[in-house]
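K.L.:
data-v4.txt (compact mmCIF, C-alpha atoms) pasted underneath:
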```txt
# COMPACT_ATOMS: atom_id res chain seq x y z
CA MET A 30 118.77 36.39 118.38
CA ASP A 31 117.30 35.54 121.80
CA ASN A 32 114.39 37.96 122.20
CA SER A 33 113.97 37.07 125.88
CA ARG A 34 117.30 38.75 126.67
CA PRO A 35 118.35 42.35 125.97
CA TYR A 36 121.26 41.37 123.73
CA PHE A 37 121.73 40.91 120.02
CA ASN A 38 124.86 38.79 120.34
CA PRO A 39 124.95 37.70 124.00
CA GLU A 40 128.05 35.53 123.68
CA ILE A 41 130.14 38.52 122.55
CA GLU A 42 128.38 41.32 124.43
CA THR A 43 128.67 39.60 127.82
CA MET A 44 132.05 37.94 127.25
CA ASP A 45 134.35 37.76 130.26
CA ARG A 46 136.96 40.54 130.16
CA GLU A 47 139.87 38.10 129.96
CA GLU A 48 138.27 36.26 127.03
CA LEU A 49 137.36 39.54 125.35
CA ASP A 50 140.93 40.82 125.62
CA ALA A 51 142.20 37.57 124.10
CA LEU A 52 139.72 37.90 121.22
CA ILE A 53 140.82 41.50 120.65
CA GLU A 54 144.49 40.53 120.45
CA GLU A 55 143.71 37.69 118.03
CA ARG A 56 141.94 40.20 115.80
CA VAL A 57 144.72 42.77 116.16
CA ARG A 58 147.18 40.20 114.78
CA TYR A 59 144.92 39.21 111.90
CA THR A 60 143.98 42.80 111.01
CA VAL A 61 147.61 43.93 110.90
CA LYS A 62 148.48 40.92 108.74
CA TYR A 63 145.54 41.66 106.43
CA ALA A 64 146.61 45.32 106.16
CA ALA A 65 150.16 44.37 105.20
CA GLU A 66 148.93 41.94 102.54
CA HIS A 67 145.97 43.81 101.04
CA SER A 68 146.26 47.55 101.69
CA PRO A 69 148.68 49.38 99.36
CA PHE A 70 149.01 52.18 101.91
CA TYR A 71 149.88 49.94 104.83
CA ARG A 72 152.18 47.73 102.81
CA LYS A 73 154.34 50.78 102.00
CA TRP A 74 153.74 52.32 105.42
CA PHE A 75 155.13 49.29 107.28
CA GLU A 76 158.18 49.30 105.03
CA LYS A 77 158.74 53.03 105.53
CA GLN A 78 158.37 52.74 109.31
CA GLY A 79 160.65 49.70 109.44
CA VAL A 80 157.88 47.67 111.07
CA ASP A 81 157.57 43.92 110.72
CA PRO A 82 153.77 43.27 110.77
CA ALA A 83 154.40 39.82 112.27
CA GLU A 84 155.79 41.54 115.37
CA ILE A 85 152.48 43.29 116.08
CA LYS A 86 150.92 40.71 118.37
CA THR A 87 149.28 42.63 121.23
CA HIS A 88 147.36 45.78 121.96
CA GLU A 89 150.54 47.34 123.37
CA ASP A 90 152.38 46.62 120.11
CA LEU A 91 149.61 48.40 118.21
CA LEU A 92 150.10 51.52 120.34
CA ASP A 93 153.73 51.70 119.22
CA LEU A 94 152.67 52.32 115.63
CA PRO A 95 152.40 55.93 114.37
CA ILE A 96 149.04 57.68 114.34
CA ILE A 97 147.44 58.59 111.01
CA SER A 98 144.89 61.33 110.32
CA GLY A 99 142.23 62.31 107.86
CA ASN A 100 144.89 64.18 105.93
CA THR A 101 146.80 60.91 105.55
CA ILE A 102 143.79 59.45 103.75
CA ARG A 103 143.36 62.53 101.54
CA GLU A 104 147.04 62.47 100.61
CA ASN A 105 146.73 58.86 99.47
CA GLN A 106 143.82 59.15 97.06
CA PRO A 107 142.98 61.16 93.92
CA PRO A 108 143.73 63.90 93.08
CA GLU A 109 146.90 63.64 95.20
CA MET A 110 147.62 60.12 93.91
CA ASN A 111 146.40 58.07 90.97
CA GLU A 112 145.05 55.27 93.15
CA PHE A 113 143.04 54.92 96.35
CA MET A 114 145.83 53.56 98.51
CA PHE A 115 143.51 52.69 101.43
CA ARG A 116 141.28 50.45 99.29
CA SER A 117 142.14 46.95 100.50
CA VAL A 118 140.04 44.75 98.19
CA GLY A 119 139.64 44.51 94.44
CA TRP A 120 136.83 46.46 92.81
CA GLU A 121 134.90 43.22 92.37
CA ASP A 122 134.55 43.04 96.17
CA VAL A 123 133.58 46.70 96.72
CA PHE A 124 129.85 46.86 97.44
CA THR A 125 129.49 50.61 98.08
CA VAL A 126 131.67 53.72 97.95
CA HIS A 127 131.31 56.49 100.52
CA GLU A 128 132.71 59.93 101.19
CA THR A 129 132.88 62.09 104.27
CA SER A 130 131.38 65.58 104.12
CA GLY A 131 134.69 67.18 103.18
CA THR A 132 134.23 70.11 105.59
CA SER A 133 137.97 70.24 106.24
CA GLY A 134 139.28 69.54 102.73
CA ASN A 135 138.57 67.08 99.95
CA PRO A 136 136.18 64.32 101.04
CA LYS A 137 137.82 61.17 102.37
CA SER A 138 136.87 58.09 100.36
CA PHE A 139 135.86 54.79 101.98
CA PHE A 140 135.10 51.45 100.37
CA LEU A 141 132.78 48.92 101.98
CA THR A 142 132.39 45.25 101.16
CA TRP A 143 129.18 43.43 101.99
CA GLU A 144 131.06 41.91 104.96
CA ASP A 145 131.77 45.46 106.19
CA TRP A 146 128.07 46.24 106.01
CA GLU A 147 127.25 43.11 107.98
CA ARG A 148 129.67 44.15 110.73
CA TYR A 149 128.42 47.76 110.70
CA SER A 150 124.82 46.62 110.96
CA GLU A 151 125.64 44.26 113.83
CA LYS A 152 127.11 47.18 115.77
CA TYR A 153 123.87 49.14 115.36
CA ALA A 154 121.73 46.07 116.04
CA ARG A 155 123.50 45.71 119.38
CA ILE A 156 122.86 49.38 120.14
CA PHE A 157 119.18 49.24 119.21
CA ARG A 158 118.68 46.08 121.26
CA SER A 159 120.41 47.61 124.27
CA GLN A 160 117.96 50.52 124.08
CA GLY A 161 114.96 48.24 124.15
CA PHE A 162 114.14 48.06 120.43
CA GLY A 163 113.00 44.78 118.98
CA PRO A 164 110.39 42.98 116.87
CA GLY A 165 107.39 45.13 116.04
CA ASP A 166 109.06 48.48 116.65
CA ARG A 167 108.52 51.08 113.94
CA VAL A 168 111.28 53.66 113.70
CA VAL A 169 111.39 56.86 111.66
CA VAL A 170 114.96 57.57 110.53
CA CYS A 171 115.61 61.31 110.10
CA ALA A 172 119.13 60.91 108.76
CA SER A 173 120.27 61.21 105.16
CA TYR A 174 120.43 58.16 102.93
CA GLY A 175 123.47 58.84 100.80
CA MET A 176 127.24 59.00 101.12
CA ASN A 177 126.95 58.88 104.92
CA VAL A 178 126.55 55.35 106.24
CA GLY A 179 124.42 55.96 109.34
CA ALA A 180 120.90 55.72 107.93
CA ASN A 181 121.64 52.68 105.79
CA THR A 182 123.41 50.95 108.68
CA MET A 183 120.42 51.47 110.97
CA THR A 184 118.10 50.17 108.27
CA LEU A 185 120.15 46.99 107.86
CA ALA A 186 120.29 46.57 111.64
CA ALA A 187 116.51 46.84 111.84
CA ARG A 188 116.16 43.91 109.47
CA GLN A 189 118.09 41.72 111.89
CA LEU A 190 115.90 42.79 114.83
CA GLY A 191 112.47 42.49 113.22
CA MET A 192 111.98 46.26 113.33
CA SER A 193 110.27 48.32 110.65
CA ILE A 194 112.04 51.41 109.31
CA ILE A 195 110.25 54.48 107.95
CA PRO A 196 113.11 56.02 105.92
CA GLU A 197 112.13 59.69 105.83
CA GLY A 198 115.66 61.09 105.76
CA LYS A 199 114.48 64.42 107.19
CA CYS A 200 112.33 65.44 110.17
CA THR A 201 110.18 67.66 107.97
CA PHE A 202 108.00 64.72 106.96
CA PRO A 203 104.18 65.13 106.99
CA LEU A 204 102.61 64.67 110.42
CA ARG A 205 100.27 62.08 108.94
CA VAL A 206 103.25 59.70 109.17
CA ILE A 207 102.97 59.86 112.98
CA GLU A 208 99.21 59.45 112.93
CA ALA A 209 99.09 56.70 110.29
CA TYR A 210 102.03 54.48 111.25
CA ARG A 211 102.26 55.25 114.99
CA PRO A 212 106.07 54.92 115.11
CA THR A 213 107.50 53.76 118.41
CA GLY A 214 110.85 55.46 117.88
CA ILE A 215 112.49 58.29 115.95
CA VAL A 216 116.16 58.82 115.11
CA GLY A 217 117.27 62.42 114.63
CA SER A 218 119.20 65.34 116.09
CA VAL A 219 118.11 67.20 119.23
CA PHE A 220 116.95 70.18 117.21
CA LYS A 221 115.14 68.16 114.55
CA LEU A 222 113.23 66.34 117.27
CA LEU A 223 112.39 69.57 119.12
CA ASN A 224 111.12 71.15 115.91
CA LEU A 225 109.02 68.06 115.19
CA ALA A 226 107.52 68.28 118.67
CA ARG A 227 106.60 71.93 118.07
CA ARG A 228 104.96 71.03 114.77
CA LEU A 229 102.87 68.37 116.52
CA GLN A 230 101.87 70.80 119.27
CA ALA A 231 100.85 73.41 116.70
CA GLU A 232 98.42 70.84 115.28
CA GLY A 233 97.01 70.07 118.72
CA ILE A 234 98.92 66.78 119.08
CA ASP A 235 100.75 66.14 122.33
CA PRO A 236 104.11 64.46 121.47
CA ARG A 237 103.76 62.46 124.70
CA GLU A 238 100.59 60.89 123.31
CA SER A 239 102.03 60.18 119.85
CA GLY A 240 103.00 56.56 120.58
CA VAL A 241 106.74 57.34 120.39
CA ASP A 242 108.36 55.71 123.42
CA LYS A 243 112.07 56.03 122.53
CA LEU A 244 114.17 58.71 120.83
CA VAL A 245 117.69 58.18 119.50
CA VAL A 246 119.98 61.13 118.93
CA GLY A 247 122.83 60.35 116.59
CA GLY A 248 125.57 62.17 114.78
CA GLU A 249 126.33 64.91 117.29
CA SER A 250 127.24 65.48 120.91
CA PHE A 251 124.74 67.32 123.07
CA ALA A 252 124.32 68.69 126.56
CA GLU A 253 122.62 66.59 129.22
CA GLU A 254 120.27 69.55 129.75
CA SER A 255 119.06 69.40 126.14
CA ARG A 256 118.53 65.64 126.47
CA ASN A 257 116.46 66.17 129.61
CA TYR A 258 114.32 68.83 127.96
CA LEU A 259 113.76 66.69 124.86
CA SER A 260 112.80 63.77 127.09
CA GLU A 261 110.34 65.99 128.97
CA ILE A 262 108.69 67.26 125.79
CA TRP A 263 108.27 63.77 124.30
CA GLY A 264 107.69 61.94 127.58
CA CYS A 265 110.15 59.15 126.79
CA PRO A 266 113.85 58.26 127.18
CA VAL A 267 116.41 59.78 124.82
CA TYR A 268 119.41 57.62 123.90
CA ASN A 269 122.70 58.67 122.40
CA THR A 270 124.71 57.03 119.63
CA TYR A 271 128.06 57.90 118.10
CA GLY A 272 128.98 56.64 114.67
CA SER A 273 131.12 57.44 111.67
CA THR A 274 131.96 56.25 108.20
CA GLU A 275 135.19 54.98 109.73
CA GLY A 276 133.13 52.47 111.70
CA THR A 277 132.95 53.59 115.33
CA MET A 278 129.25 52.92 116.11
CA CYS A 279 129.03 53.18 119.91
CA GLY A 280 125.77 53.58 121.81
CA GLU A 281 124.11 53.96 125.18
CA CYS A 282 122.21 51.10 126.70
CA ASP A 283 119.12 51.69 128.83
CA GLU A 284 121.37 52.44 131.82
CA VAL A 285 122.27 55.76 130.10
CA SER A 286 125.67 55.89 131.78
CA GLY A 287 128.08 56.04 128.85
CA LEU A 288 128.37 54.61 125.35
CA HIS A 289 129.36 50.97 124.94
CA VAL A 290 132.22 50.40 122.48
CA PRO A 291 131.92 47.21 120.37
CA GLU A 292 135.44 46.21 121.36
CA ASP A 293 135.51 43.04 119.28
CA LEU A 294 135.00 45.05 116.07
CA VAL A 295 136.64 48.40 116.70
CA HIS A 296 139.56 49.18 118.97
CA VAL A 297 139.53 52.54 120.77
CA ASP A 298 142.44 54.21 122.54
CA ILE A 299 142.63 57.73 123.99
CA TYR A 300 145.52 59.97 123.01
CA ASP A 301 146.51 63.43 124.25
CA PRO A 302 148.33 65.29 121.44
CA HIS A 303 149.58 67.91 123.91
CA VAL A 304 151.69 65.35 125.80
CA GLU A 305 152.08 63.17 122.68
CA ASN A 306 151.08 60.04 124.52
CA TYR A 307 148.14 57.80 125.34
CA VAL A 308 146.32 58.58 128.56
CA PRO A 309 144.84 56.27 131.21
CA ASP A 310 141.14 55.66 131.69
CA GLY A 311 139.41 58.67 133.19
CA GLU A 312 141.51 61.24 131.34
CA CYS A 313 140.36 63.18 128.29
CA GLY A 314 141.94 62.83 124.87
CA ARG A 315 141.29 62.09 121.23
CA VAL A 316 139.59 58.90 120.06
CA ILE A 317 142.17 56.79 118.19
CA LEU A 318 140.45 53.89 116.45
CA SER A 319 141.62 50.75 114.73
CA THR A 320 139.49 48.42 112.65
CA LEU A 321 139.31 44.88 114.06
CA LEU A 322 138.57 42.08 111.60
CA PRO A 323 137.46 38.57 112.53
CA VAL A 324 139.97 36.00 111.34
CA GLY A 325 139.36 35.28 107.65
CA ALA A 326 137.31 38.44 107.02
CA LYS A 327 137.81 41.12 104.34
CA ALA A 328 137.56 44.90 104.59
CA GLY A 329 137.21 47.48 101.85
CA THR A 330 139.02 50.09 103.91
CA LEU A 331 140.69 49.47 107.24
CA LEU A 332 142.40 51.88 109.59
CA LEU A 333 145.08 51.41 112.24
CA ASN A 334 145.62 54.09 114.90
CA TYR A 335 143.35 56.59 113.16
CA ASP A 336 142.89 59.97 114.83
CA THR A 337 139.17 60.80 114.66
CA GLU A 338 139.79 64.30 116.09
CA ASP A 339 136.92 63.65 118.48
CA THR A 340 137.59 63.80 122.21
CA THR A 341 136.26 61.55 124.96
CA VAL A 342 137.04 59.78 128.24
CA VAL A 343 136.99 56.05 128.99
CA LEU A 344 134.51 55.82 131.85
CA THR A 345 134.82 52.17 132.81
CA ARG A 346 135.82 48.70 131.63
CA LYS A 347 133.78 46.99 134.35
CA GLN A 348 130.62 45.06 133.63
CA CYS A 349 127.62 47.34 133.18
CA PRO A 350 124.44 46.67 135.20
CA CYS A 351 122.88 45.79 131.83
CA GLY A 352 125.23 42.78 131.73
CA ARG A 353 127.47 44.01 128.91
CA THR A 354 131.21 43.80 129.50
CA HIS A 355 132.39 46.11 126.72
CA MET A 356 133.91 49.37 127.93
CA LYS A 357 131.96 52.62 128.10
CA ILE A 358 133.08 56.06 126.99
CA MET A 359 131.75 59.56 127.48
CA THR A 360 129.87 61.08 124.55
CA PRO A 361 132.64 62.16 122.13
CA GLN A 362 132.87 65.83 121.20
CA ARG A 363 134.26 67.19 117.96
CA GLU A 364 137.53 68.97 118.51
CA ALA A 365 136.58 71.20 115.57
CA GLU A 366 133.76 72.52 117.78
CA THR A 367 136.16 73.47 120.58
CA VAL A 368 137.69 76.95 120.90
CA TRP A 369 140.34 78.35 123.25
CA VAL A 370 140.11 81.60 125.20
CA GLU A 371 142.59 82.71 127.88
CA GLY A 372 144.27 79.31 127.66
CA ALA A 373 141.02 77.48 128.46
CA PRO A 374 138.95 75.37 126.06
CA PHE A 375 135.20 75.28 125.72
CA ASN A 376 132.97 73.40 123.33
CA ARG A 377 129.69 73.97 121.57
CA VAL A 378 128.17 71.63 124.15
CA ASP A 379 129.20 74.04 126.94
CA VAL A 380 127.26 76.81 125.21
CA GLU A 381 124.30 74.47 124.71
CA ARG A 382 124.32 73.60 128.41
CA GLY A 383 123.91 77.28 129.30
CA VAL A 384 121.07 77.73 126.82
CA PHE A 385 119.08 74.66 127.91
CA GLN A 386 118.85 75.46 131.62
CA ARG A 387 115.31 74.38 132.52
CA GLU A 388 114.11 77.83 133.61
CA ASN A 389 115.28 79.24 130.28
CA MET A 390 113.12 76.82 128.33
CA ASP A 391 109.95 78.54 129.57
CA TYR A 392 110.90 81.23 127.04
CA LEU A 393 113.34 79.72 124.51
CA THR A 394 112.89 77.30 121.62
CA GLY A 395 116.39 75.84 122.18
CA GLU A 396 117.76 77.17 118.89
CA TYR A 397 120.98 79.12 119.41
CA GLU A 398 124.25 80.20 117.81
CA ALA A 399 127.43 81.70 119.24
CA PHE A 400 130.27 83.70 117.68
CA LEU A 401 133.69 84.64 119.01
CA TYR A 402 135.19 88.03 118.13
CA GLY A 403 138.36 89.96 118.96
CA ALA A 404 141.72 88.66 120.08
CA GLU A 405 143.51 88.23 123.38
CA ASP A 406 146.47 90.33 122.18
CA GLU A 407 143.99 93.17 121.67
CA GLY A 408 142.97 92.85 125.30
CA GLU A 409 139.44 91.63 124.72
CA THR A 410 137.60 88.55 123.45
CA VAL A 411 133.83 88.65 122.99
CA LEU A 412 131.44 85.69 122.91
CA ARG A 413 128.13 86.71 121.36
CA VAL A 414 125.33 84.24 122.13
CA SER A 415 122.08 84.50 120.19
CA MET A 416 119.00 82.62 121.37
CA GLU A 417 115.62 82.17 119.73
CA CYS A 418 112.59 83.08 121.86
CA GLU A 419 109.06 81.78 121.49
CA SER A 420 107.78 85.33 122.12
CA PRO A 421 110.55 87.96 122.39
CA GLU A 422 108.22 90.50 123.96
CA VAL A 423 107.65 88.37 127.08
CA CYS A 424 111.11 86.75 127.27
CA ASP A 425 112.75 87.13 130.71
CA ARG A 426 116.13 88.09 129.35
CA ASP A 427 117.76 88.89 132.66
CA ARG A 428 116.90 85.47 134.08
CA ILE A 429 118.19 83.71 130.95
CA LYS A 430 121.47 85.67 131.04
CA GLU A 431 121.95 84.87 134.74
CA ASN A 432 121.27 81.15 134.23
CA PHE A 433 123.59 81.00 131.23
CA LEU A 434 126.49 82.77 132.92
CA ARG A 435 126.23 80.73 136.11
CA THR A 436 126.27 77.45 134.19
CA PHE A 437 128.78 78.35 131.50
CA LEU A 438 131.43 79.77 133.85
CA LYS A 439 130.93 77.32 136.73
CA TYR A 440 133.71 74.86 135.86
CA LYS A 441 135.99 77.21 133.91
CA PRO A 442 138.09 79.22 136.41
CA PRO A 443 140.32 80.88 133.74
CA LEU A 444 137.28 82.06 131.80
CA SER A 445 135.51 83.13 134.99
CA ARG A 446 138.52 85.24 136.01
CA ALA A 447 138.84 86.76 132.54
CA TYR A 448 135.12 87.56 132.59
CA ALA A 449 135.42 89.25 135.99
CA GLU A 450 138.43 91.23 134.78
CA GLY A 451 136.67 92.31 131.58
CA THR A 452 139.08 90.69 129.10
CA PHE A 453 136.45 88.10 128.18
CA LYS A 454 132.97 89.44 127.58
CA ILE A 455 129.73 87.60 126.92
CA ILE A 456 126.95 89.50 125.21
CA PHE A 457 123.48 88.22 124.47
CA ASN A 458 121.13 88.64 121.56
CA PHE A 459 117.51 87.48 121.52
CA THR A 460 115.49 86.87 118.36
CA GLY A 461 112.05 85.69 117.43
CA PRO A 462 111.45 82.43 115.55
CA MET A 463 113.69 82.03 112.46
CA GLY A 464 115.75 85.09 113.44
CA LEU A 465 119.15 83.40 113.75
CA GLU A 466 121.84 83.57 111.07
CA LEU A 467 121.88 79.77 110.76
CA ASN A 468 118.35 79.89 109.33
CA ARG A 469 119.72 81.72 106.29
CA ILE A 470 122.47 79.21 105.59
CA LYS A 471 121.97 75.88 103.85
CA GLY A 472 123.46 72.70 105.21
CA ARG A 473 124.31 71.59 108.70
CA PRO A 474 124.39 74.64 110.99
CA LYS A 475 127.54 75.58 112.89
CA ARG A 476 126.44 76.72 116.33
CA LEU A 477 129.82 77.90 117.61
CA VAL A 478 131.88 79.92 115.13
CA ASP A 479 135.26 81.47 115.83
CA ARG A 480 135.41 84.78 113.94
CA ARG A 481 138.61 86.07 115.52
```
Can you give me the file's structure in the form of structure tokens?

P.N.:
Amino acid sequence: MDNSRPYFNPEIETMDREELDALIEERVRYTVKYAAEHSPFYRKWFEKQGVDPAEIKTHEDLLDLPIISGNTIRENQPPEMNEFMFRSVGWEDVFTVHETSGTSGNPKSFFLTWEDWERYSEKYARIFRSQGFGPGDRVVVCASYGMNVGANTMTLAARQLGMSIIPEGKCTFPLRVIEAYRPTGIVGSVFKLLNLARRLQAEGIDPRESGVDKLVVGGESFAEESRNYLSEIWGCPVYNTYGSTEGTMCGECDEVSGLHVPEDLVHVDIYDPHVENYVPDGECGRVILSTLLPVGAKAGTLLLNYDTEDTTVVLTRKQCPCGRTHMKIMTPQREAETVWVEGAPFNRVDVERGVFQRENMDYLTGEYEAFLYGAEDEGETVLRVSMECESPEVCDRDRIKENFLRTFLKYKPPLSRAYAEGTFKIIFNFTGPMGLELNRIKGRPKRLVDRR
């Protein structure tokens, strides 16, 4: 690695678009060939679809193949089948086994070779380097070390960059860790990092004087307003990353203008299931990913045209001011966190945007939850938004309501009309610290819940 330049792999990261496209197509051909020869699922799948793998030579050919989903994986592993049909190496080459959380059914199983881990860690090494991390940085990782790959991938990436990792796993670690090791960065969710800042402040420590000069938020989408508030509290930039067991691993560079996709290692297309077609750059749709293998490489599990059920927009394929040529996408949002009212969608992030208006944060902690009740055929749908106040007795509730409504309804004409007509109501609830329902539930909190 050339430490004088902000790249981990400059040859690849700054490759001319024409050369990059040629590299992608070479890897499309090899990956499809590898799938046909080594993946029991794809071997049968190609036969069933009447597809000759040798005919898949370009990106356009890849788009002609059917799309698979998480259910496809679940249907091709125990207990539905005797074998793991997506495992594409022998057990002697499987280094680790991983499962997704299983929130929407049985966990999906994934098998990683050591080569997979090397590719995963390179993706994160590129991200870290693009955010200014390098030799001597000390980073606290507040992500679980277990079946999820994120924390381990970041730890392996750090080794390649000369960084030190403090593998806490949670953001509830003792504050002496900050004082003793003076970390320069922390990886965690928006809310974990806000809670950590409050713990520091309660002990008379200003987060802005803690030595932390970069924060990385991974594993969830968030509103720009919550990023800005987190940045203000800590006095440093906040970067976004997007990763998955399936191998996405995209991240913002220090330009903070979209997430770079490592196009040589993962292929991303955007698909709109409503029109049943791929959409051009600039239009919203689901992230459809395909594994890309270097010629001669192995993969424990590979995916072609896999529907992540996350939505995004391709922002640009032009060279970034940082010098990278790989395309940039908008922060993906989970479709499972999107609800529809009056024919209009809104996401958890839309609710978060209304909560984190700067004036609101003079009174709020940022913790919130929202629930939908009723049904349109009953003539009324109710969104109940609960927000946690630092001191409920001095909370300016009217101002918070006004700021929320103005922001939430601004770009949603159907919802704005329904709100004016009374068929869509928004009611507010304010609690003191630890007063939300999510504080009584173990596991990852759901902040937007459809109870209709």

K.L.:
Compute the distance from (125.2, 59.8, 111.9) to each atom, counting all atoms listed in the file, keep the residues with any atom at most 9 Å away, and return them as number ranges by chain; use the coordinates of the file.

P.N.:
A: 172-173, 177-180, 217, 246-249, 270-274

K.L.:
Can you pull out every residue within 12 Å of A:Gly240, counting only C-alpha atoms, but drop anything in the same chain fewer than 3 positions away, and send it as a tab-separated table (two decimals) with C-alpha atoms, keeping the file's coordinate frame?

P.N.:
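Written out: part-v7.tsv:
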```tsv
chain	number	residue	atom	x	y	z
A	166	ASP	CA	109.06	48.48	116.65
A	167	ARG	CA	108.52	51.08	113.94
A	168	VAL	CA	111.28	53.66	113.70
A	206	VAL	CA	103.25	59.70	109.17
A	207	ILE	CA	102.97	59.86	112.98
A	208	GLU	CA	99.21	59.45	112.93
A	209	ALA	CA	99.09	56.70	110.29
A	210	TYR	CA	102.03	54.48	111.25
A	211	ARG	CA	102.26	55.25	114.99
A	212	PRO	CA	106.07	54.92	115.11
A	213	THR	CA	107.50	53.76	118.41
A	214	GLY	CA	110.85	55.46	117.88
A	215	ILE	CA	112.49	58.29	115.95
A	234	ILE	CA	98.92	66.78	119.08
A	235	ASP	CA	100.75	66.14	122.33
A	236	PRO	CA	104.11	64.46	121.47
A	237	ARG	CA	103.76	62.46	124.70
A	243	LYS	CA	112.07	56.03	122.53
A	244	LEU	CA	114.17	58.71	120.83
A	263	TRP	CA	108.27	63.77	124.30
A	264	GLY	CA	107.69	61.94	127.58
A	265	CYS	CA	110.15	59.15	126.79
```

K.L.:
For a test of reading the model, state the distance in Å between atom CA of A:Ala65 and atom CA of A:Leu331, rounded to one decimal.

P.N.:
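Between atom CA of A:Ala65 and atom CA of A:Leu331 the gap is 10.9 Å.
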
K.L.:
Produce the centre coordinates and the three edge lengths, each in Å to one decimal, of the box along x, y and z that contains all listed atoms of stretch 461-480 of chain A with 5 Å added on each side, as AutoDock Vina command-line options.

P.N.:
```
--center_x 123.4 --center_y 78.6 --center_z 110.7 --size_x 34.0 --size_y 24.1 --size_z 23.8
```

K.L.:
From the list A:Asn224, A:Thr125, A:Thr340, A:Ser68, which residue is nearest A:Cys200 when using all atoms listed in the file?

P.N.:
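Closest to A:Cys200, using all atoms listed in the file: A:Asn224.
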
K.L.:
My list of candidates is A:Asp391, A:Asp283, A:Glu366, A:Glu292. Which is closest to A:Leu49 when distances are computed with only C-alpha atoms?

P.N.:
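Of A:Asp391, A:Asp283, A:Glu366, A:Glu292, the one nearest A:Leu49 is A:Glu292, counting only C-alpha atoms.
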
K.L.:
Can you pull out the residues contacting A:Lys454? Cut-off 9 Å, using all atoms listed in the file, and skip same-chain residues under 5 positions away; I want them as an MDAnalysis selection string.

P.N.:
chainID A and resid 409:413 447:449

K.L.:
Only C-alpha atoms, please: the residues just picked out, written as a PDB file, in the coordinates of the input.

P.N.:
```pdb
ATOM      1  CA  GLU A 409     139.440  91.630 124.720  1.00  0.00           C
ATOM      2  CA  THR A 410     137.600  88.550 123.450  1.00  0.00           C
ATOM      3  CA  VAL A 411     133.830  88.650 122.990  1.00  0.00           C
ATOM      4  CA  LEU A 412     131.440  85.690 122.910  1.00  0.00           C
ATOM      5  CA  ARG A 413     128.130  86.710 121.360  1.00  0.00           C
ATOM      6  CA  ALA A 447     138.840  86.760 132.540  1.00  0.00           C
ATOM      7  CA  TYR A 448     135.120  87.560 132.590  1.00  0.00           C
ATOM      8  CA  ALA A 449     135.420  89.250 135.990  1.00  0.00           C
TER       9      ALA A 449
END
```

K.L.:
Given all atoms listed in the file as the basis, pick out the residue of A:Gly352, A:Gly99, A:Gly464, A:Gly329 nearest to A:Lys137.

P.N.:
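Checking each of A:Gly352, A:Gly99, A:Gly464, A:Gly329 against A:Lys137, counting all atoms listed in the file, the winner is A:Gly99.
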
K.L.:
Taking into account only C-alpha atoms, which residue in the set A:Leu434, A:Val241, A:Met390, A:Ile299 is nearest to A:Pro266?

P.N.:
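Nearest candidate to A:Pro266 out of A:Leu434, A:Val241, A:Met390, A:Ile299: A:Val241.
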
K.L.:
Point out the residue among A:Glu104, A:Glu253, A:Glu284, A:Asp90 with the least atom-to-atom distance to A:Arg58, counting only C-alpha atoms.

P.N.:
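The answer is A:Asp90, which sits nearest to A:Arg58.
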
K.L.:
Near A:Pro361, counting all atoms listed in the file, which residues have an atom at most 8 Å away, once you skip same-chain residues fewer than 3 positions from it, shown as a list in words?

P.N.:
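The residues that qualify are Ser250, Tyr271, Val316, Asp339, Thr340, Thr341, Val342 and Ile358 of chain A.
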
K.L.:
Which residues, written as a PyMOL selection string, have at least one atom at most 7 Å from A:Leu333, with only C-alpha atoms counted and residues fewer than 5 positions away on the same chain left out?

P.N.:
chain A and resi 318-320

K.L.:
Which value, in Å to one decimal, gives the distance between atom CA of A:Arg158 and atom CA of A:Thr354?

P.N.:
15.2 Å

K.L.:
Between atom CA of A:Tyr153 and atom CA of A:Lys86, what is the distance in Å, rounded to a tenth?

P.N.:
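Here the two named atoms are 28.5 Å from each other.
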
K.L.:
Please list as a list of chain:residue names every residue within 12 Å of A:His67, counting all atoms listed in the file and excluding residues in the same chain fewer than 3 positions away.

P.N.:
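Close residues of A:His67: A:Tyr59, A:Thr60, A:Val61, A:Lys62, A:Tyr63, A:Ala64, A:Phe70, A:Tyr71, A:Arg72, A:Lys73, A:Met114, A:Phe115, A:Arg116, A:Ser117, A:Val118, A:Gly119, A:Ala326, A:Lys327, A:Ala328, A:Gly329, A:Thr330, A:Leu331.
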
K.L.:
Using all atoms listed in the file, find the one residue out of A:Gln189, A:Thr184, A:Ser138, A:Asn100 that sits nearest to A:Phe37.

P.N.:
A:Gln189

K.L.:
Residues within 12 Å of (130.4, 47.8, 111.1), file coordinates, counting all atoms listed in the file: what are they? Give the list as a ChimeraX atom specification.

P.N.:
/A:141-156,178-179,181-183,185-186,272-279,290-295,320-323,328-331
